[in-house]
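Structure, as structure tokens:
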Amino acid sequence: MKITPIKTKKIEVGNELFPILDEFLPKLHEKDVVIITSKIISITQGRVLKNDGKIDKAKLVKKEADLYLPEEYVNFGVYLTIKDNIMIASAGVDESNGHGYYILWPENLVDETNKIWEYLRKKHGIKQLGVIVTDSKLAPMRKGVTAVGLSWCGFKPIRNYIGKPDIYGKPLRVETLNIVDCIAAAGVLEMGEAYEQTPLGIVDEIGQIDFVNRVPTKQELKDM
């Protein structure tokens, strides 16, 4: 697996996403996977709120979250929440690299990811392409963040090992591999979290991935 971080300009409210992709992504090739941090999609959608002291962040987090733990479980101002069936810190509400804004998760992210996939395939004249939109996530009882794939397109998201034999021939009963999160975590390891200014990445030479020439099915979205 080879990961290439892509440095961009500072993305600001009012910028459009596709021109950013046109300007900074190099020529894509068959079986590339493009990683896009959710933050730049949010900014180009205008999913930001001015952090001017008038907004109560706790109330904002609770509004954005589907589920959250109460205040006695909050540490360093971080709520443990679930949003869109993903366990995430503070419902994705983020201040880092926000330049005075709260940045929220993108809207209609599945449709947006599908559009990005279709656009890049057409622009670069390729059929087998993956797209993953990422964000950072915490894991309970573990220090530090890793990345999670909020959405994906262009490949099968899960490798099913159920019924496959282990090295001693015993069939596996519950084992599956989350391809989306594995690639997301590896990509963001190289792309960074702070001053790097690399919200895009290209991953190629991936062995364990099955590309498809379609958007995710309803069953795949449900399974994830």
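Each chain of the structure tokens is named A, B, ... in the order shown, its residues numbered from 1; ligands are numbered from 1 in display order.
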Check your understanding: Leaving out range 58-67 of chain A and any residue of its chain fewer than 4 positions from it, which residues lie within 7 Å of it when counting only C-alpha atoms, given as a VMD selection string?
Key -> chain A and resid 81 to 83 90 to 91 93
Exercise for review: Find the residues around Lys9 in chain A up to 10 Å (only C-alpha atoms counted), leave out those fewer than 4 positions away in its own chain, and share them as an NGL selection string.
Suggested key: :A and (20 or 23-24 or 197-199)
Exercise for review: Compile the contact shell of Ser96 in chain A as a list in words: residues with an atom at most 12 Å away, counting only C-alpha atoms, same-chain residues fewer than 2 positions apart removed.
Suggested key: Lys39, Asn51, Gly92, Val93, Asp94, Gly98, His99, Gly100, Tyr101, Tyr102, Ile103, Leu104, Ser136, Glu193, Ala194, Tyr195 and Gln197 of chain A
For those residues, write C-alpha atoms to a file as a compact mmCIF listing (two decimals), in the first residue's frame.
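Output contents, as saved in part_13.txt:
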# COMPACT_ATOMS: atom_id res chain seq x y z
CA LYS A 39 -13.90 18.95 7.22
CA ASN A 51 -17.46 30.68 17.45
CA GLY A 92 -18.30 15.63 15.03
CA VAL A 93 -18.44 19.27 16.16
CA ASP A 94 -14.85 20.45 15.77
CA GLY A 98 -11.62 26.06 12.05
CA HIS A 99 -10.23 29.63 12.28
CA GLY A 100 -12.91 30.82 14.70
CA TYR A 101 -15.71 28.51 13.55
CA TYR A 102 -17.36 25.37 14.81
CA ILE A 103 -17.27 22.89 11.94
CA LEU A 104 -20.12 20.38 11.77
CA SER A 136 -10.86 11.43 13.47
CA GLU A 193 -4.15 16.07 11.99
CA ALA A 194 -2.93 19.65 12.44
CA TYR A 195 -0.55 21.99 10.60
CA GLN A 197 -2.59 21.15 5.49
Review point. Looking only at the backbone, which of the residues in range 15-212 of chain A does DSSP tag as strand (DSSP E), as a PyMOL selection string?
Key: chain A and resi 32-37+48-50+67-68+80-83+86-89+101-103+129-138+145-153+158-160+176-178+200-204
**Study point:** Ala186 in chain A surroundings by only C-alpha atoms, 10 Å radius, close-in-sequence under 2 positions cut, as a list in words
**Key:**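 My reading of the contact set: Met1, Lys2, Ile3, Thr146, Ala147, Asp181, Cys182, Ile183, Ala184, Val188, Leu189, Glu190, Met191 and Val203 of chain A.
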**Study point:** Expected answer as a PyMOL selection string: alpha helix (DSSP H) residues in chain A
**Key:** chain A and resi 17-24+38-45+57-64+109-124+179-191+218-223
Point to revise | Val34 in chain A surroundings by only C-alpha atoms, 7 Å radius, close-in-sequence under 3 positions cut, as a VMD selection string | key: chain A and resid 130 to 132 201 to 203
Point to revise | Minimum-distance residue to Val48 in chain A, chosen among A:Ile209, A:Leu80, A:Val74, A:Val13 (using only C-alpha atoms) | key: A:Val13
Review point. What's the 9 Å shell around range 155-166 of chain A, counting only C-alpha atoms, without same-chain residues fewer than 6 positions away, as a list in words?
Key: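 The residues satisfying every condition are Gln128, Leu129, Gly130, Val131, Leu172, Arg173, Val174, Glu175, Thr176, Leu177, Asn178, Ile179, Val180, Asp181, Gln208, Ile209, Asp210, Phe211, Val212, Asn213, Arg214, Val215, Pro216, Glu220, Leu221, Asp223 and Met224 of chain A.
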Check your understanding: Which residue out of A:Val133, A:Gly207, A:Leu120, A:Pro171 has the minimum interatomic distance to Lys27 in chain A when only C-alpha atoms are used?
Key -> A:Leu120
Check your understanding: Counting only C-alpha atoms, which of A:Ala185, A:Ile55, A:Ala89, A:Lys222 gets nearest to Tyr68 in chain A?
Key ->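 Using only C-alpha atoms, the shortest distance to Tyr68 in chain A belongs to A:Ala89.
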Point to revise | Using only C-alpha atoms: which of A:Asn114, A:Thr37, A:Ser42, A:Asn75 has the shortest distance to Asp135 in chain A | key: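 Looking at the shortest contact to Asp135 in chain A, the residue is A:Thr37.
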**Study point:** Straight-line distance linking CA of Arg121 in chain A with CA of Ser38 in chain A, stated in Å to one decimal
**Key:** 19.8 Å
Point to revise | Close residues, Pro106 in chain A itself excluded, 9 Å, only C-alpha atoms, min 5 positions apart in chain, as an MDAnalysis selection string | key: chainID A and resid 38:43 45:47 112
Restricting it to C-alpha atoms, dump the selection as a compact mmCIF listing (two decimals), in the first residue's frame.
# COMPACT_ATOMS: atom_id res chain seq x y z
CA SER A 38 -14.89 15.50 6.01
CA LYS A 39 -13.90 18.95 7.22
CA ILE A 40 -13.25 20.39 3.76
CA ILE A 41 -16.60 19.06 2.55
CA SER A 42 -18.31 20.69 5.54
CA ILE A 43 -16.59 24.02 4.89
CA GLN A 45 -21.10 23.21 2.16
CA GLY A 46 -21.14 26.09 4.64
CA ARG A 47 -21.67 23.70 7.57
CA GLU A 112 -22.12 13.77 -1.75
